[in-house]
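Everything below belongs to data18.cif, which stores mmCIF, C-alpha atoms and all ligand atoms.
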```
data_final
#
loop_
_atom_site.group_PDB
_atom_site.id
_atom_site.type_symbol
_atom_site.label_atom_id
_atom_site.label_comp_id
_atom_site.auth_asym_id
_atom_site.auth_seq_id
_atom_site.Cartn_x
_atom_site.Cartn_y
_atom_site.Cartn_z
ATOM 1 C CA MET A 1 -44.232 -10.532 67.769
ATOM 2 C CA SER A 2 -40.988 -12.314 66.961
ATOM 3 C CA THR A 3 -39.223 -14.693 69.318
ATOM 4 C CA ALA A 4 -36.755 -11.881 69.869
ATOM 5 C CA ALA A 5 -39.336 -9.881 71.784
ATOM 6 C CA LYS A 6 -41.442 -11.990 74.115
ATOM 7 C CA MET A 7 -43.732 -10.454 76.695
ATOM 8 C CA SER A 8 -42.274 -10.773 80.134
ATOM 9 C CA PRO A 9 -44.425 -12.144 82.964
ATOM 10 C CA LEU A 10 -45.002 -8.802 84.684
ATOM 11 C CA SER A 11 -47.765 -8.514 87.251
ATOM 12 C CA PRO A 12 -50.655 -6.218 86.212
ATOM 13 C CA ALA A 13 -49.657 -3.814 88.989
ATOM 14 C CA ALA A 14 -46.081 -3.623 87.799
ATOM 15 C CA LEU A 15 -47.201 -3.152 84.225
ATOM 16 C CA SER A 16 -49.570 -0.327 85.057
ATOM 17 C CA THR A 17 -46.843 1.438 87.043
ATOM 18 C CA THR A 18 -44.607 1.193 84.005
ATOM 19 C CA ILE A 19 -47.347 2.524 81.752
ATOM 20 C CA LYS A 20 -48.048 5.479 84.037
ATOM 21 C CA HIS A 21 -44.407 6.313 84.427
ATOM 22 C CA LEU A 22 -43.769 6.232 80.717
ATOM 23 C CA THR A 23 -46.890 7.895 79.402
ATOM 24 C CA CYS A 24 -46.228 10.865 81.681
ATOM 25 C CA ASN A 25 -42.764 11.272 80.270
ATOM 26 C CA PRO A 26 -42.923 14.205 77.855
ATOM 27 C CA ASN A 27 -39.844 12.963 76.026
ATOM 28 C CA LEU A 28 -41.592 9.871 74.837
ATOM 29 C CA HIS A 29 -43.090 11.296 71.663
ATOM 30 C CA TYR A 30 -39.937 9.978 70.040
ATOM 31 C CA PRO A 31 -38.399 7.435 69.617
ATOM 32 C CA ARG A 32 -40.867 4.593 69.621
ATOM 33 C CA VAL A 33 -38.741 2.414 71.913
ATOM 34 C CA ARG A 34 -36.741 3.371 74.945
ATOM 35 C CA THR A 35 -34.630 1.008 76.957
ATOM 36 C CA LEU A 36 -34.868 1.151 80.701
ATOM 37 C CA PHE A 37 -31.196 0.359 80.989
ATOM 38 C CA THR A 38 -28.191 1.150 78.944
ATOM 39 C CA THR A 39 -27.318 -1.863 76.843
ATOM 40 C CA THR A 40 -23.576 -1.387 76.683
ATOM 41 C CA HIS A 41 -21.827 -3.785 79.064
ATOM 42 C CA TYR A 42 -25.142 -4.814 80.579
ATOM 43 C CA PRO A 43 -24.145 -8.083 82.190
ATOM 44 C CA THR A 44 -27.063 -10.413 81.514
ATOM 45 C CA ARG A 45 -28.188 -11.968 78.259
ATOM 46 C CA LYS A 46 -31.661 -10.492 78.595
ATOM 47 C CA PHE A 47 -32.829 -7.053 79.581
ATOM 48 C CA MET A 48 -36.110 -5.237 79.833
ATOM 49 C CA GLN A 49 -37.243 -2.945 77.082
ATOM 50 C CA THR A 50 -40.261 -0.692 77.030
ATOM 51 C CA ARG A 51 -42.144 -0.381 73.803
ATOM 52 C CA THR A 52 -44.547 2.464 73.126
ATOM 53 C CA THR A 53 -47.226 1.274 70.742
ATOM 54 C CA ARG A 54 -48.835 3.429 68.063
ATOM 55 C CA LYS A 55 -51.819 3.955 70.382
ATOM 56 C CA GLY A 56 -49.584 5.354 73.091
ATOM 57 C CA PHE A 57 -49.607 2.295 75.387
ATOM 58 C CA SER A 58 -46.347 1.053 76.758
ATOM 59 C CA VAL A 59 -45.517 -2.578 77.302
ATOM 60 C CA SER A 60 -42.425 -4.051 78.832
ATOM 61 C CA MET A 61 -40.788 -7.012 77.225
ATOM 62 C CA SER A 62 -37.701 -9.047 77.462
ATOM 63 C CA VAL A 63 -35.432 -9.078 74.438
ATOM 64 C CA PRO A 64 -32.204 -10.974 73.930
ATOM 65 C CA SER A 65 -29.113 -8.947 74.630
ATOM 66 C CA THR A 66 -26.078 -9.383 72.508
ATOM 67 C CA ASP A 67 -22.354 -8.983 72.941
ATOM 68 C CA PRO A 68 -21.166 -5.630 71.616
ATOM 69 C CA LEU A 69 -20.946 -5.700 67.832
ATOM 70 C CA GLU A 70 -17.614 -4.607 66.365
ATOM 71 C CA VAL A 71 -17.960 -1.743 63.886
ATOM 72 C CA CYS A 72 -15.186 -0.087 61.879
ATOM 73 C CA VAL A 73 -15.751 3.598 61.176
ATOM 74 C CA LYS A 74 -13.636 6.539 60.056
ATOM 75 C CA ALA A 75 -11.710 8.342 62.799
ATOM 76 C CA SER A 76 -11.745 12.096 63.185
ATOM 77 C CA VAL A 77 -8.928 13.961 61.449
ATOM 78 C CA THR A 78 -9.168 16.888 63.840
ATOM 79 C CA THR A 79 -9.531 15.292 67.279
ATOM 80 C CA PRO A 80 -7.830 12.144 68.619
ATOM 81 C CA ASN A 81 -10.104 9.209 69.499
ATOM 82 C CA LYS A 82 -13.238 10.773 68.069
ATOM 83 C CA LEU A 83 -15.632 9.544 65.451
ATOM 84 C CA GLY A 84 -14.951 10.911 61.949
ATOM 85 C CA ASP A 85 -17.104 12.254 59.160
ATOM 86 C CA CYS A 86 -18.424 9.295 57.148
ATOM 87 C CA PRO A 87 -22.227 9.541 56.568
ATOM 88 C CA PHE A 88 -22.415 5.831 55.702
ATOM 89 C CA SER A 89 -20.804 4.959 59.031
ATOM 90 C CA GLN A 90 -23.237 7.202 60.876
ATOM 91 C CA ARG A 91 -26.098 5.464 59.096
ATOM 92 C CA VAL A 92 -24.952 2.115 60.508
ATOM 93 C CA LEU A 93 -24.450 3.568 63.989
ATOM 94 C CA LEU A 94 -27.950 5.056 63.865
ATOM 95 C CA MET A 95 -29.380 1.624 63.056
ATOM 96 C CA LEU A 96 -27.512 0.170 66.028
ATOM 97 C CA GLU A 97 -28.653 2.975 68.324
ATOM 98 C CA GLU A 98 -32.276 2.783 67.225
ATOM 99 C CA LYS A 99 -32.258 -0.988 67.659
ATOM 100 C CA HIS A 100 -30.609 -0.560 71.078
ATOM 101 C CA LEU A 101 -27.734 -2.831 70.160
ATOM 102 C CA PRO A 102 -24.455 -2.397 72.017
ATOM 103 C CA TYR A 103 -21.384 -1.886 69.859
ATOM 104 C CA ASP A 104 -17.635 -1.388 70.014
ATOM 105 C CA LEU A 105 -16.312 1.312 67.722
ATOM 106 C CA LYS A 106 -13.058 0.659 65.915
ATOM 107 C CA LEU A 107 -11.834 4.046 64.734
ATOM 108 C CA VAL A 108 -9.810 3.731 61.529
ATOM 109 C CA ASP A 109 -7.159 6.357 60.812
ATOM 110 C CA PHE A 110 -7.696 7.181 57.141
ATOM 111 C CA THR A 111 -4.399 9.046 56.911
ATOM 112 C CA ASN A 112 -2.592 5.795 57.712
ATOM 113 C CA LYS A 113 -4.899 2.808 57.327
ATOM 114 C CA PRO A 114 -3.655 0.005 59.556
ATOM 115 C CA GLU A 115 -2.736 -3.451 58.244
ATOM 116 C CA TRP A 116 -5.441 -5.227 60.244
ATOM 117 C CA PHE A 117 -8.053 -3.000 58.626
ATOM 118 C CA LEU A 118 -6.814 -3.491 55.058
ATOM 119 C CA LYS A 119 -6.919 -7.257 55.669
ATOM 120 C CA ILE A 120 -10.625 -7.161 56.442
ATOM 121 C CA SER A 121 -11.409 -4.348 53.992
ATOM 122 C CA PRO A 122 -9.183 -4.705 50.901
ATOM 123 C CA GLU A 123 -10.881 -1.650 49.342
ATOM 124 C CA GLY A 124 -10.006 0.320 52.470
ATOM 125 C CA LYS A 125 -13.617 1.411 53.011
ATOM 126 C CA VAL A 126 -15.794 1.878 56.046
ATOM 127 C CA PRO A 127 -18.268 1.049 57.477
ATOM 128 C CA LEU A 128 -17.706 -2.622 58.303
ATOM 129 C CA ILE A 129 -19.494 -4.670 60.920
ATOM 130 C CA LYS A 130 -18.732 -8.111 62.318
ATOM 131 C CA LEU A 131 -21.791 -10.353 62.274
ATOM 132 C CA ASP A 132 -21.560 -14.078 63.044
ATOM 133 C CA ASP A 133 -17.760 -13.828 62.946
ATOM 134 C CA LYS A 134 -17.750 -12.348 59.442
ATOM 135 C CA TRP A 135 -16.838 -8.799 58.496
ATOM 136 C CA ILE A 136 -19.562 -7.243 56.348
ATOM 137 C CA PRO A 137 -18.935 -4.112 54.241
ATOM 138 C CA ASP A 138 -21.295 -1.503 52.806
ATOM 139 C CA SER A 139 -24.013 0.358 54.673
ATOM 140 C CA ASP A 140 -26.786 -0.991 52.383
ATOM 141 C CA ILE A 141 -25.833 -4.600 53.100
ATOM 142 C CA ILE A 142 -25.221 -3.915 56.783
ATOM 143 C CA THR A 143 -28.606 -2.184 57.191
ATOM 144 C CA GLN A 144 -30.372 -5.154 55.635
ATOM 145 C CA ALA A 145 -28.400 -7.677 57.686
ATOM 146 C CA LEU A 146 -29.164 -5.828 60.934
ATOM 147 C CA GLU A 147 -32.861 -5.698 60.111
ATOM 148 C CA GLU A 148 -32.909 -9.446 59.448
ATOM 149 C CA LYS A 149 -30.870 -10.447 62.458
ATOM 150 C CA PHE A 150 -32.410 -7.968 64.909
ATOM 151 C CA PRO A 151 -35.973 -7.371 63.704
ATOM 152 C CA GLU A 152 -37.115 -5.459 66.806
ATOM 153 C CA PRO A 153 -37.899 -2.647 66.639
ATOM 154 C CA PRO A 154 -38.649 -2.875 62.923
ATOM 155 C CA LEU A 155 -36.971 -0.088 60.949
ATOM 156 C CA ALA A 156 -37.352 -1.262 57.346
ATOM 157 C CA THR A 157 -38.804 1.294 54.928
ATOM 158 C CA PRO A 158 -41.400 -0.079 52.485
ATOM 159 C CA PRO A 159 -39.713 -0.449 49.059
ATOM 160 C CA GLU A 160 -42.112 1.975 47.361
ATOM 161 C CA LYS A 161 -41.002 4.736 49.761
ATOM 162 C CA ALA A 162 -37.334 3.838 50.171
ATOM 163 C CA SER A 163 -36.109 5.959 47.261
ATOM 164 C CA ALA A 164 -37.612 9.242 48.508
ATOM 165 C CA GLY A 165 -34.835 11.824 48.588
ATOM 166 C CA SER A 166 -32.305 9.376 47.183
ATOM 167 C CA LYS A 167 -30.923 11.791 44.552
ATOM 168 C CA ILE A 168 -30.237 14.557 47.034
ATOM 169 C CA PHE A 169 -26.747 13.336 47.969
ATOM 170 C CA SER A 170 -25.371 13.096 44.424
ATOM 171 C CA THR A 171 -26.844 16.468 43.386
ATOM 172 C CA PHE A 172 -25.452 18.040 46.561
ATOM 173 C CA ILE A 173 -21.955 16.764 45.670
ATOM 174 C CA GLY A 174 -22.336 18.112 42.121
ATOM 175 C CA PHE A 175 -23.168 21.564 43.457
ATOM 176 C CA LEU A 176 -20.472 21.472 46.132
ATOM 177 C CA LYS A 177 -17.766 20.637 43.575
ATOM 178 C CA SER A 178 -18.947 23.158 41.015
ATOM 179 C CA ASN A 179 -17.015 26.361 40.356
ATOM 180 C CA ASP A 180 -19.418 27.647 37.738
ATOM 181 C CA PRO A 181 -22.502 29.379 39.213
ATOM 182 C CA SER A 182 -24.413 28.993 35.956
ATOM 183 C CA ASP A 183 -23.838 25.285 35.325
ATOM 184 C CA GLY A 184 -27.238 24.252 36.702
ATOM 185 C CA THR A 185 -25.918 22.239 39.646
ATOM 186 C CA GLU A 186 -27.545 24.522 42.227
ATOM 187 C CA GLN A 187 -30.877 24.272 40.415
ATOM 188 C CA ALA A 188 -30.531 20.484 40.173
ATOM 189 C CA LEU A 189 -30.092 20.311 43.945
ATOM 190 C CA LEU A 190 -33.004 22.706 44.530
ATOM 191 C CA ASN A 191 -35.198 20.519 42.317
ATOM 192 C CA GLU A 192 -34.384 17.412 44.366
ATOM 193 C CA LEU A 193 -34.863 19.212 47.670
ATOM 194 C CA THR A 194 -38.177 20.647 46.500
ATOM 195 C CA ALA A 195 -39.404 17.241 45.344
ATOM 196 C CA PHE A 196 -38.487 15.777 48.725
ATOM 197 C CA ASN A 197 -40.152 18.674 50.564
ATOM 198 C CA ASP A 198 -43.336 17.972 48.568
ATOM 199 C CA TYR A 199 -43.050 14.274 49.384
ATOM 200 C CA LEU A 200 -42.809 15.071 53.103
ATOM 201 C CA LYS A 201 -45.776 17.428 52.895
ATOM 202 C CA GLU A 202 -47.892 14.547 51.554
ATOM 203 C CA ASN A 203 -46.415 11.632 53.452
ATOM 204 C CA GLY A 204 -44.388 12.959 56.396
ATOM 205 C CA PRO A 205 -43.229 13.932 58.878
ATOM 206 C CA PHE A 206 -40.833 11.012 58.150
ATOM 207 C CA ILE A 207 -40.282 9.112 54.900
ATOM 208 C CA ASN A 208 -42.523 6.309 56.116
ATOM 209 C CA GLY A 209 -45.074 8.575 57.780
ATOM 210 C CA GLN A 210 -45.291 8.929 61.538
ATOM 211 C CA GLU A 211 -42.256 6.883 62.490
ATOM 212 C CA VAL A 212 -38.606 7.055 61.671
ATOM 213 C CA SER A 213 -37.311 4.246 59.466
ATOM 214 C CA ALA A 214 -34.109 3.068 57.808
ATOM 215 C CA ALA A 215 -34.436 5.508 54.880
ATOM 216 C CA ASP A 216 -34.402 8.471 57.305
ATOM 217 C CA LEU A 217 -31.347 7.038 59.031
ATOM 218 C CA SER A 218 -29.599 6.954 55.666
ATOM 219 C CA LEU A 219 -30.681 10.398 54.462
ATOM 220 C CA GLY A 220 -30.241 12.238 57.791
ATOM 221 C CA PRO A 221 -26.419 12.056 57.858
ATOM 222 C CA LYS A 222 -26.256 13.125 54.196
ATOM 223 C CA LEU A 223 -28.422 16.195 54.884
ATOM 224 C CA TYR A 224 -26.181 16.973 57.844
ATOM 225 C CA HIS A 225 -23.142 16.956 55.527
ATOM 226 C CA LEU A 226 -25.057 19.078 53.024
ATOM 227 C CA GLU A 227 -25.976 21.689 55.613
ATOM 228 C CA ILE A 228 -22.465 21.999 57.061
ATOM 229 C CA SER A 229 -20.414 21.860 53.884
ATOM 230 C CA LEU A 230 -22.616 24.062 51.673
ATOM 231 C CA GLY A 231 -22.873 26.543 54.553
ATOM 232 C CA HIS A 232 -19.111 26.597 54.906
ATOM 233 C CA TYR A 233 -17.902 26.459 51.316
ATOM 234 C CA LYS A 234 -20.715 28.278 49.521
ATOM 235 C CA ASN A 235 -22.464 30.275 52.216
ATOM 236 C CA TRP A 236 -25.588 28.437 51.031
ATOM 237 C CA SER A 237 -28.488 27.082 53.042
ATOM 238 C CA VAL A 238 -31.731 25.222 52.408
ATOM 239 C CA PRO A 239 -34.368 27.859 51.536
ATOM 240 C CA ASP A 240 -36.890 28.608 54.308
ATOM 241 C CA SER A 241 -39.686 28.047 51.786
ATOM 242 C CA LEU A 242 -38.930 24.297 52.020
ATOM 243 C CA SER A 243 -40.494 24.241 55.467
ATOM 244 C CA CYS A 244 -41.287 20.501 55.676
ATOM 245 C CA LEU A 245 -37.697 19.665 54.771
ATOM 246 C CA LYS A 246 -36.370 22.213 57.264
ATOM 247 C CA SER A 247 -38.404 20.735 60.096
ATOM 248 C CA TYR A 248 -37.480 17.183 58.992
ATOM 249 C CA MET A 249 -33.799 18.111 59.258
ATOM 250 C CA LYS A 250 -34.323 19.768 62.620
ATOM 251 C CA THR A 251 -36.136 16.713 63.980
ATOM 252 C CA ILE A 252 -33.568 14.212 62.739
ATOM 253 C CA PHE A 253 -30.576 16.302 63.810
ATOM 254 C CA SER A 254 -31.965 16.551 67.336
ATOM 255 C CA MET A 255 -32.635 12.833 67.816
ATOM 256 C CA GLU A 256 -30.641 11.446 70.727
ATOM 257 C CA SER A 257 -29.151 8.750 68.495
ATOM 258 C CA PHE A 258 -28.132 11.351 65.905
ATOM 259 C CA ILE A 259 -26.417 13.611 68.416
ATOM 260 C CA LYS A 260 -24.536 10.620 69.798
ATOM 261 C CA THR A 261 -23.270 9.444 66.398
ATOM 262 C CA ARG A 262 -22.785 12.665 64.423
ATOM 263 C CA ALA A 263 -19.452 13.887 63.125
ATOM 264 C CA GLN A 264 -17.958 17.116 64.363
ATOM 265 C CA PRO A 265 -18.618 19.975 61.920
ATOM 266 C CA GLU A 266 -14.874 20.612 61.557
ATOM 267 C CA ASP A 267 -14.394 17.010 60.395
ATOM 268 C CA VAL A 268 -17.224 17.344 57.883
ATOM 269 C CA ILE A 269 -15.554 20.482 56.510
ATOM 270 C CA GLU A 270 -12.143 18.826 56.305
ATOM 271 C CA GLY A 271 -13.641 15.684 54.791
ATOM 272 C CA TRP A 272 -15.111 17.585 51.828
ATOM 273 C CA ARG A 273 -12.111 19.897 51.296
ATOM 274 C CA PRO A 274 -10.366 17.698 48.666
ATOM 275 C CA LYS A 275 -13.592 17.535 46.626
ATOM 276 C CA VAL A 276 -14.080 21.313 46.802
ATOM 277 C CA GLU A 277 -10.476 22.242 46.183
ATOM 278 C CA GLY A 278 -10.159 19.567 43.495
HETATM 279 N N1 LIG B 1 -21.338 2.329 49.388
HETATM 280 C C1 LIG B 1 -20.546 2.358 50.600
HETATM 281 C C2 LIG B 1 -19.736 3.638 50.613
HETATM 282 C C3 LIG B 1 -18.743 3.649 51.761
HETATM 283 C C4 LIG B 1 -17.730 4.757 51.556
HETATM 284 O O1 LIG B 1 -17.576 5.334 50.465
HETATM 285 N N2 LIG B 1 -16.985 5.054 52.613
HETATM 286 C C5 LIG B 1 -15.943 6.027 52.507
HETATM 287 C C6 LIG B 1 -15.887 6.925 53.749
HETATM 288 S S1 LIG B 1 -17.366 7.869 53.931
HETATM 289 C C7 LIG B 1 -14.600 5.314 52.469
HETATM 290 O O2 LIG B 1 -14.372 4.407 53.233
HETATM 291 N N3 LIG B 1 -13.716 5.732 51.563
HETATM 292 C C8 LIG B 1 -12.382 5.196 51.471
HETATM 293 C C9 LIG B 1 -11.337 6.269 51.499
HETATM 294 O O3 LIG B 1 -11.674 7.458 51.483
HETATM 295 O O4 LIG B 1 -10.162 5.917 51.533
HETATM 296 C C10 LIG B 1 -21.459 2.253 51.814
HETATM 297 O O5 LIG B 1 -22.658 2.576 51.681
HETATM 298 O O6 LIG B 1 -21.001 1.809 52.882
#
```
Write out the structure in this file as C-alpha cells.
Amino acid sequence: MSTAAKMSPLSPAALSTTIKHLTCNPNLHYPRVRTLFTTTHYPTRKFMQTRTTRKGFSVSMSVPSTDPLEVCVKASVTTPNKLGDCPFSQRVLLMLEEKHLPYDLKLVDFTNKPEWFLKISPEGKVPLIKLDDKWIPDSDIITQALEEKFPEPPLATPPEKASAGSKIFSTFIGFLKSNDPSDGTEQALLNELTAFNDYLKENGPFINGQEVSAADLSLGPKLYHLEISLGHYKNWSVPDSLSCLKSYMKTIFSMESFIKTRAQPEDVIEGWRPKVEG
C-alpha cells in the first residue's frame, strides 16, 4: 500500500461495524471504493475512505486530502453554467471522481474563448488541469499524471489491454460524417464494435476484467456520444446482437461518476452538428 493510503488505527470493534455496515449495502458491488464523506470542501487534510477489497472485505483508511484541483472544460452551449459536451473533458472528470479528488470546474465558453484561457491553452483546447501550479493539457497526459500523483485507487489499464476499443471513436466519426450509405463507413464501425463486443465476451465485463479502469473511463464518454449522435442524426443504434457491448454501455452510463459528469444530450447533438452538416 502506498504512503498515500495508510491504515488508520481503528479499534477492531469499530472496524467490524464498518465492515458490517458496508457489506450489507447492496450498492457496493460498484465502485470498488466509496468515500464516507464528500471530499469537496472537506475541511481537514485527511479523511476516511472505505476500500472494498476483491474478496469483499472493507477496510477503512486515511488518505491525504487535497485542495480542489482546477480543471478547464467546455461549457454547455444550450444551458448557462452547465458542463458541455467534450468526451475528453468527461474522461478527466471521471478519473477525478473515481479517485475521489475534489475539483473546481472552470467552464470555458467555446463561442467566445476568454483571454485567460487562451493564455494557458494557446491551442484553445480543453481539458486542462492545474497540477503543482502548472497547467497540463491533453486527456492522455492528464490521466497519466493523475495516476502517478494520486495512485489510490489504482485505475491504470495494463498496456496490453489499453487499446481495446480504441478505433471505435474514429470509425464512429467517419460514419457520422458520411452522406453515402454505401461507402463502407457503417460497416467499418460495425466491425470495430463487433471486435470490442468479442473482446468483452472473453475478458469483460470491463476492459481490464472485473473492475473499471482508465481505458473504460476514456471509452465510456465516446460511446455516449456515439449513442446520442448516431441515434439523432442517423436513427441508428448499436445492434442488440452485440449484447456484451450493450450491457457494458448500460453499466458505464449508469455509474454515479458518469451521471455526474456527463454532457446533456442536447449539447452532444449541437456539438456534432458542424461535423454532420459539413
Ligand atoms: N487529444 C486531446 C483532444 C482535446 C480536444 O480535441 N478537445 C476539444 C473539445 S472536445 C477542443 O478543445 N477543441 C477546440 C475547439 O473546438 O475549439 C485530449 O485528449 O485532451
- [ ] Compute the set of protein, DNA and RNA residues whose minimum atom distance to ligand LIG 1 (chain B) is at most 9 Å, using all atoms listed in the file, and state it as a PyMOL selection string.
- [x] chain A and resi 73-74+84-89+91-92+110-111+113+123-128+137-142+271
For C-alpha atoms, I'd like the residues from the last selection saved as a PDB file, in the frame of the given file.
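Final file, selection.pdb:
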```pdb
ATOM      1  CA  VAL A  73     -15.751   3.598  61.176  1.00  0.00           C
ATOM      2  CA  LYS A  74     -13.636   6.539  60.056  1.00  0.00           C
ATOM      3  CA  GLY A  84     -14.951  10.911  61.949  1.00  0.00           C
ATOM      4  CA  ASP A  85     -17.104  12.254  59.160  1.00  0.00           C
ATOM      5  CA  CYS A  86     -18.424   9.295  57.148  1.00  0.00           C
ATOM      6  CA  PRO A  87     -22.227   9.541  56.568  1.00  0.00           C
ATOM      7  CA  PHE A  88     -22.415   5.831  55.702  1.00  0.00           C
ATOM      8  CA  SER A  89     -20.804   4.959  59.031  1.00  0.00           C
ATOM      9  CA  ARG A  91     -26.098   5.464  59.096  1.00  0.00           C
ATOM     10  CA  VAL A  92     -24.952   2.115  60.508  1.00  0.00           C
ATOM     11  CA  PHE A 110      -7.696   7.181  57.141  1.00  0.00           C
ATOM     12  CA  THR A 111      -4.399   9.046  56.911  1.00  0.00           C
ATOM     13  CA  LYS A 113      -4.899   2.808  57.327  1.00  0.00           C
ATOM     14  CA  GLU A 123     -10.881  -1.650  49.342  1.00  0.00           C
ATOM     15  CA  GLY A 124     -10.006   0.320  52.470  1.00  0.00           C
ATOM     16  CA  LYS A 125     -13.617   1.411  53.011  1.00  0.00           C
ATOM     17  CA  VAL A 126     -15.794   1.878  56.046  1.00  0.00           C
ATOM     18  CA  PRO A 127     -18.268   1.049  57.477  1.00  0.00           C
ATOM     19  CA  LEU A 128     -17.706  -2.622  58.303  1.00  0.00           C
ATOM     20  CA  PRO A 137     -18.935  -4.112  54.241  1.00  0.00           C
ATOM     21  CA  ASP A 138     -21.295  -1.503  52.806  1.00  0.00           C
ATOM     22  CA  SER A 139     -24.013   0.358  54.673  1.00  0.00           C
ATOM     23  CA  ASP A 140     -26.786  -0.991  52.383  1.00  0.00           C
ATOM     24  CA  ILE A 141     -25.833  -4.600  53.100  1.00  0.00           C
ATOM     25  CA  ILE A 142     -25.221  -3.915  56.783  1.00  0.00           C
ATOM     26  CA  GLY A 271     -13.641  15.684  54.791  1.00  0.00           C
TER      27      GLY A 271
END
```
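You will find CA of Val276 (chain A) at 10.0 Å from CA of Lys234 (chain A).
Here the PyMOL selection byres (((chain A and resi 209) around 12) and not hetatm) matches the residues A:Thr157, A:Pro158, A:Lys161, A:Ala162, A:Ala164, A:Tyr199, A:Leu200, A:Lys201, A:Glu202, A:Asn203, A:Gly204, A:Pro205, A:Phe206, A:Ile207, A:Asn208, A:Gln210, A:Glu211, A:Val212, A:Ser213, A:Ala215, A:Asp216, A:Tyr248.
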Output, as lines of an AutoDock Vina configuration file, the centre and edge lengths in Å (one decimal) of the axis-aligned box that contains all listed atoms of region 83-94 of chain A with 4 Å of margin on each side.
```
center_x = -21.5
center_y = 7.2
center_z = 60.6
size_x = 21.0
size_y = 18.1
size_z = 17.7
```
- [ ] Quick one: everything within 8 Å of region 219-229 of chain A, counting all atoms listed in the file, minus sequence neighbours fewer than 4 positions away in the same chain. Send it as a VMD selection string.
- [x] chain A and resid 87 to 88 90 to 91 165 to 166 169 172 176 215 233 to 234 237 to 238 249 252 to 253 262 265 268 to 269 272
Open item on the list: Just to confirm, what's the straight-line distance from CA of Asp133 (chain A) to CA of Ser76 (chain A) in Å (one decimal)?
Closed with: 26.6 Å
Open item on the list: I need the output of the PyMOL selection byres (((chain A and resi 103) around 7) and not hetatm) for this file as an MDAnalysis selection string; which residues are they?
Closed with: chainID A and resid 68:71 101:102 104:105
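When only C-alpha atoms are used to compute distances to Ala214 (chain A), the closest of the residues A:Ala75, A:Ile136, A:Leu146, A:Leu230 turns out to be A:Leu146.
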Task: Two-atom distance - CA of Ala195 (chain A), CA of Thr251 (chain A) (Å) - done: 18.9 Å
Determine the residue set returned by the PyMOL selection byres (((chain A and resi 78) around 9) and not hetatm) for the present structure, and present it as a PDB file with C-alpha atoms, in the frame of the given file.
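After the write, result_32.pdb holds the following:
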```pdb
ATOM      1  CA  ALA A  75     -11.710   8.342  62.799  1.00  0.00           C
ATOM      2  CA  SER A  76     -11.745  12.096  63.185  1.00  0.00           C
ATOM      3  CA  VAL A  77      -8.928  13.961  61.449  1.00  0.00           C
ATOM      4  CA  THR A  79      -9.531  15.292  67.279  1.00  0.00           C
ATOM      5  CA  PRO A  80      -7.830  12.144  68.619  1.00  0.00           C
ATOM      6  CA  LYS A  82     -13.238  10.773  68.069  1.00  0.00           C
ATOM      7  CA  GLY A  84     -14.951  10.911  61.949  1.00  0.00           C
ATOM      8  CA  GLN A 264     -17.958  17.116  64.363  1.00  0.00           C
ATOM      9  CA  GLU A 266     -14.874  20.612  61.557  1.00  0.00           C
ATOM     10  CA  ASP A 267     -14.394  17.010  60.395  1.00  0.00           C
ATOM     11  CA  GLU A 270     -12.143  18.826  56.305  1.00  0.00           C
TER      12      GLU A 270
END
```
- [ ] Give me the residues within 9 Å of Ala188 (chain A) as a VMD selection string, counting all atoms listed in the file and dropping any in the same chain fewer than 5 places off.
- [x] chain A and resid 171 to 172 174 to 175 193
